[in-house]
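Heads up, the thing below is written out as structure tokens.
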Amino acid sequence: MPLEAPARIVSELTSRGYNAEREAVTRLASAADPGAALERVLEDIPDDALVVRTEHVEAALSTDDAGGSAEPSSESAAVGDGPTPVDHSSTDPSPTPSASTGTGGASGGERADPAPVETEGSPSANRSADPAQRSVEIVGDMTGQSTGTGEYSDFVSVFRDRLDRLGAKLRGRINHRPATAIQSMPGGSEVAMVGLVNDIRSTASGHWLVELEDATGTFPWLVMKDREYVDLVDELLCDEVLAMEGTLADDSGIAFVDSMHFPDVPRTHEPSTADRHVQAALISDVHVGSQEFMADAWNAFADWLHTPEAEHVEYLLLAGDMVEGVGVYPDQDDELDIVDIYEQYEAFSEHLKKIPGDIEIVMIPGNHDAVRLAEPQPGFDEELREIMSAHDPQIVSNPSMVTVEGVSVLMYHGVSLDEVIAELPEDKASYDDPHKAMYHLLKKRHVAPQFGGHTRLAPEEKDYLIIDEVPDIFHTGHVHKLGFGKYHDVLAINSGCWQAQTDFQKSVNIDPDAGFAPIVDLDTLDVTVQKFS
């Protein structure tokens, strides 16, 4: 039995019925023959002991040293190299990201572990960084802050808040006038307005009529079909905040559009970076409980995190859908390996324990998770948090802004990407290039602008879905496709999934990118993709 990897030592101890201290496992892994050392510890450990402690290991190793070290077992071979990193720091990668597949340490078979040891996670991979250098700050976590009751006043509050906050980013660029003031201005006047897109429709002549609404009323704006910016109409979604400038018709009943402005990311944006070389793994859509959950790939990922190649990976950011859930889509029961939702989370927790214990984890829920479907989604309830407590992860709402060593990461599961891809032309947003759909959310400075469509939105007293501050990284999942690029120097990453194609996905023509782990260098914002399937 090769015992060179700490994770395998944990598994072996578990199969013998023992818990273990982290340092004890590390000492065993560093022994000349970990297998022989483990057998000696288990021979000498008191019969009533349930936890293998450091002193048990040291006592066994000192006995071996006194009697002469045994020759290393022929089974204690080197683990071998993990997956070879492939640099994809290009700002506009190809739709199918190339990545190499590792050999050796990335085990190809599913582990037959019984219940893993009840620790905070698998032992560390000897990450040498001082833990004091690490920092994680959360902004925008609305868990426990929901006040919406579904009353009409809640809807009014959330849209007024949206208009006020996003409108403030636009009013300085134009000479804004309220809708009622524009109606009273003489024909031929130069006018400008900031408002919510209330309606978009084409005219019989092929022009476009866009109706903007503010707190005073609505006003129609005509986009002529021969103007250079008419293509922007294809990008508009109802309920987003927009500014328009133009000229009033003679009767002042409509304005002819001369220019359009989105809240957008300023072109002067300069991303922040970490002060040292440190990496974060960005993943999503694990879907434990599905028959198509890729346990082999997950185990390979966990094993790789224990190798020297991954020693700088100190953060794991998981953007929702930890489990497959129950009743999410028609006939889902036929595709479930685990039918009880709590058992799904218990199984997810077991897989999470294989991650090194010294990696900081931040998680948000997704639409398959056991939280409300309407966004923003609060973090999990206490019962589920207790089930997933192995690493003491930070569990926050969807969306949330997570700042890791000075690098801000906007984590959003990504349900609204379905709507963006459905509404916009294929050359502007598609499942093959999910990061390009994310660009439009950055441009609109809102993660789910359209109300009443596919994406369920919860009315609150404030709009938690606004992108107030420009992030350095925008991380989503949901669509099960891998893609990344930069928009105005914001790194947008959709991280793929850990679930092979289901029958339901086949029926809707989704071919997932599964078993990938994008790794971001936080000091440069370069991206490397690791492939584990």
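Ligands are numbered from 1 in the order shown, chains are lettered A, B, ... in the order of the structure tokens, and residues start at 1 in each chain.
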Who sits within 8 Å of Ala37 in chain A, only C-alpha atoms, same chain under 5 positions skipped, as a PyMOL selection string: chain A and resi 28+31+57+60-61
All strand (DSSP E or B) positions in range 167-336 of chain A, as an MDAnalysis selection string: chainID A and resid 190:202 208:214 217:223 241:248 255:261 279:283 288 290 293 313:319 323 336
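Closest to Asp468 in chain A among A:Ala29, A:Ala370, A:Val230, A:Val139 is A:Val139, based on only C-alpha atoms.
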Residue nearest Ala517 in chain A among A:Lys481, A:Arg173, A:His261, A:Lys354 (counting only C-alpha atoms): A:Lys481
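Closest to Gly148 in chain A among A:Ala24, A:Leu457, A:Ile338, A:Cys497 is A:Leu457, based on only C-alpha atoms.
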Polymer residues at most 9 Å from Arg227 in chain A, only C-alpha atoms, same-chain spacing of 4 or more positions, as a PyMOL selection string: chain A and resi 223+231+258
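Across the model, the gap from CA of Ala437 in chain A to CA of Phe293 in chain A is 26.0 Å.
Counting from CA of His446 in chain A, the distance to CA of Asn175 in chain A is 23.4 Å.
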Residues of range 319-505 of chain A in alpha helix (DSSP H), written as a PyMOL selection string: chain A and resi 341-352+382-387+416-423+434-444+503-505
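Taking only C-alpha atoms, the non-local environment of Lys462 in chain A within 8 Å (same-chain residues fewer than 6 positions away omitted) comprises Ser157, Val158, Asp161 and Arg162 of chain A.
If you count only C-alpha atoms and ignore residues fewer than 5 places along the chain from Tyr431 in chain A, what sits within 12 Å of it is A:Pro95, A:Thr96, A:Leu417, A:Asp418, A:Glu419, A:Val420, A:Ile421, A:Ala422, A:Leu424, A:Pro425, A:Glu426, A:Lys436, A:Ala437, A:Met438, A:Gly477, A:His478, A:Val479, A:His480, A:Lys481, A:Leu482, A:Gly483, A:Asn494, A:Gly496, A:Val508, A:Asn509, A:Ile510, A:Asp511, A:Pro512, A:Asp513.
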Selection export as a compact mmCIF listing (two decimals), in the first residue's frame, atoms kept: C-alpha atoms:
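And here's selection35.txt as it stands now:
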# COMPACT_ATOMS: atom_id res chain seq x y z
CA PRO A 95 -13.92 28.23 -26.95
CA THR A 96 -12.41 24.85 -26.08
CA LEU A 417 -26.36 33.85 -18.02
CA ASP A 418 -29.11 31.65 -19.46
CA GLU A 419 -31.22 34.75 -19.98
CA VAL A 420 -28.40 36.82 -21.45
CA ILE A 421 -27.52 34.04 -23.90
CA ALA A 422 -31.19 33.58 -24.87
CA LEU A 424 -28.66 38.44 -27.15
CA PRO A 425 -27.43 37.49 -30.64
CA GLU A 426 -25.23 34.40 -30.76
CA LYS A 436 -18.52 36.91 -23.22
CA ALA A 437 -22.01 36.74 -21.73
CA MET A 438 -20.38 37.76 -18.43
CA GLY A 477 -20.58 28.81 -12.97
CA HIS A 478 -24.03 27.36 -13.75
CA VAL A 479 -23.70 26.85 -17.51
CA HIS A 480 -21.17 23.99 -17.15
CA LYS A 481 -18.87 25.55 -19.76
CA LEU A 482 -15.28 26.70 -19.26
CA GLY A 483 -14.31 30.11 -20.57
CA ASN A 494 -16.74 30.61 -15.89
CA GLY A 496 -17.00 24.53 -15.91
CA VAL A 508 -31.20 20.50 -24.33
CA ASN A 509 -27.93 20.07 -26.25
CA ILE A 510 -25.53 20.97 -23.43
CA ASP A 511 -22.07 19.41 -23.76
CA PRO A 512 -20.35 20.23 -20.45
CA ASP A 513 -16.71 21.10 -19.84
Ala179 in chain A environment, 10 Å, only C-alpha atoms, sequence neighbours closer than 6 positions dropped, as a ChimeraX atom specification: /A:192-195,212-220
Grab the residues selected above and save them as a PDB file, in the first residue's frame with N, CA, C and O atoms.
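File part.pdb, as written:
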ATOM      1  N   ALA A 192     -31.477  64.660 -22.518  1.00  0.00           N
ATOM      2  CA  ALA A 192     -30.800  63.447 -22.035  1.00  0.00           C
ATOM      3  C   ALA A 192     -31.559  62.916 -20.832  1.00  0.00           C
ATOM      4  O   ALA A 192     -32.125  63.692 -20.049  1.00  0.00           O
ATOM      5  N   MET A 193     -31.552  61.600 -20.683  1.00  0.00           N
ATOM      6  CA  MET A 193     -32.334  60.980 -19.610  1.00  0.00           C
ATOM      7  C   MET A 193     -31.636  59.713 -19.134  1.00  0.00           C
ATOM      8  O   MET A 193     -31.028  58.978 -19.920  1.00  0.00           O
ATOM      9  N   VAL A 194     -31.741  59.443 -17.848  1.00  0.00           N
ATOM     10  CA  VAL A 194     -31.298  58.191 -17.245  1.00  0.00           C
ATOM     11  C   VAL A 194     -32.532  57.459 -16.747  1.00  0.00           C
ATOM     12  O   VAL A 194     -33.365  58.037 -16.044  1.00  0.00           O
ATOM     13  N   GLY A 195     -32.675  56.188 -17.116  1.00  0.00           N
ATOM     14  CA  GLY A 195     -33.854  55.456 -16.672  1.00  0.00           C
ATOM     15  C   GLY A 195     -33.700  53.959 -16.814  1.00  0.00           C
ATOM     16  O   GLY A 195     -32.698  53.452 -17.340  1.00  0.00           O
ATOM     17  N   LEU A 212     -37.817  54.517 -21.763  1.00  0.00           N
ATOM     18  CA  LEU A 212     -37.114  54.618 -20.490  1.00  0.00           C
ATOM     19  C   LEU A 212     -38.071  55.110 -19.414  1.00  0.00           C
ATOM     20  O   LEU A 212     -38.951  55.937 -19.677  1.00  0.00           O
ATOM     21  N   GLU A 213     -37.881  54.617 -18.198  1.00  0.00           N
ATOM     22  CA  GLU A 213     -38.722  54.997 -17.067  1.00  0.00           C
ATOM     23  C   GLU A 213     -37.856  55.474 -15.912  1.00  0.00           C
ATOM     24  O   GLU A 213     -36.846  54.842 -15.569  1.00  0.00           O
ATOM     25  N   ASP A 214     -38.244  56.606 -15.328  1.00  0.00           N
ATOM     26  CA  ASP A 214     -37.599  57.045 -14.096  1.00  0.00           C
ATOM     27  C   ASP A 214     -38.666  57.256 -13.029  1.00  0.00           C
ATOM     28  O   ASP A 214     -39.826  56.833 -13.208  1.00  0.00           O
ATOM     29  N   ALA A 215     -38.320  57.894 -11.943  1.00  0.00           N
ATOM     30  CA  ALA A 215     -39.252  58.040 -10.827  1.00  0.00           C
ATOM     31  C   ALA A 215     -40.423  58.964 -11.152  1.00  0.00           C
ATOM     32  O   ALA A 215     -41.424  58.967 -10.421  1.00  0.00           O
ATOM     33  N   THR A 216     -40.320  59.719 -12.253  1.00  0.00           N
ATOM     34  CA  THR A 216     -41.404  60.661 -12.595  1.00  0.00           C
ATOM     35  C   THR A 216     -42.327  60.156 -13.681  1.00  0.00           C
ATOM     36  O   THR A 216     -43.440  60.664 -13.832  1.00  0.00           O
ATOM     37  N   GLY A 217     -41.872  59.188 -14.478  1.00  0.00           N
ATOM     38  CA  GLY A 217     -42.706  58.696 -15.568  1.00  0.00           C
ATOM     39  C   GLY A 217     -41.870  58.014 -16.632  1.00  0.00           C
ATOM     40  O   GLY A 217     -40.718  57.621 -16.391  1.00  0.00           O
ATOM     41  N   THR A 218     -42.438  57.873 -17.838  1.00  0.00           N
ATOM     42  CA  THR A 218     -41.749  57.216 -18.942  1.00  0.00           C
ATOM     43  C   THR A 218     -41.624  58.177 -20.121  1.00  0.00           C
ATOM     44  O   THR A 218     -42.395  59.141 -20.245  1.00  0.00           O
ATOM     45  N   PHE A 219     -40.634  57.873 -21.003  1.00  0.00           N
ATOM     46  CA  PHE A 219     -40.470  58.673 -22.214  1.00  0.00           C
ATOM     47  C   PHE A 219     -39.887  57.781 -23.304  1.00  0.00           C
ATOM     48  O   PHE A 219     -38.962  56.991 -23.040  1.00  0.00           O
ATOM     49  N   PRO A 220     -40.419  57.905 -24.557  1.00  0.00           N
ATOM     50  CA  PRO A 220     -39.955  57.046 -25.658  1.00  0.00           C
ATOM     51  C   PRO A 220     -38.765  57.648 -26.396  1.00  0.00           C
ATOM     52  O   PRO A 220     -38.714  58.851 -26.649  1.00  0.00           O
TER      53      PRO A 220
END
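Distances from A:Ile174, A:Ala492, A:Leu465, A:Ala390 to Phe159 in chain A were compared using only C-alpha atoms, and the smallest one belongs to A:Leu465.
Distances here use only C-alpha atoms; by that measure, the residue among A:Val197, A:Ile467, A:Val136, A:Leu282 closest to Glu211 in chain A is A:Val197.
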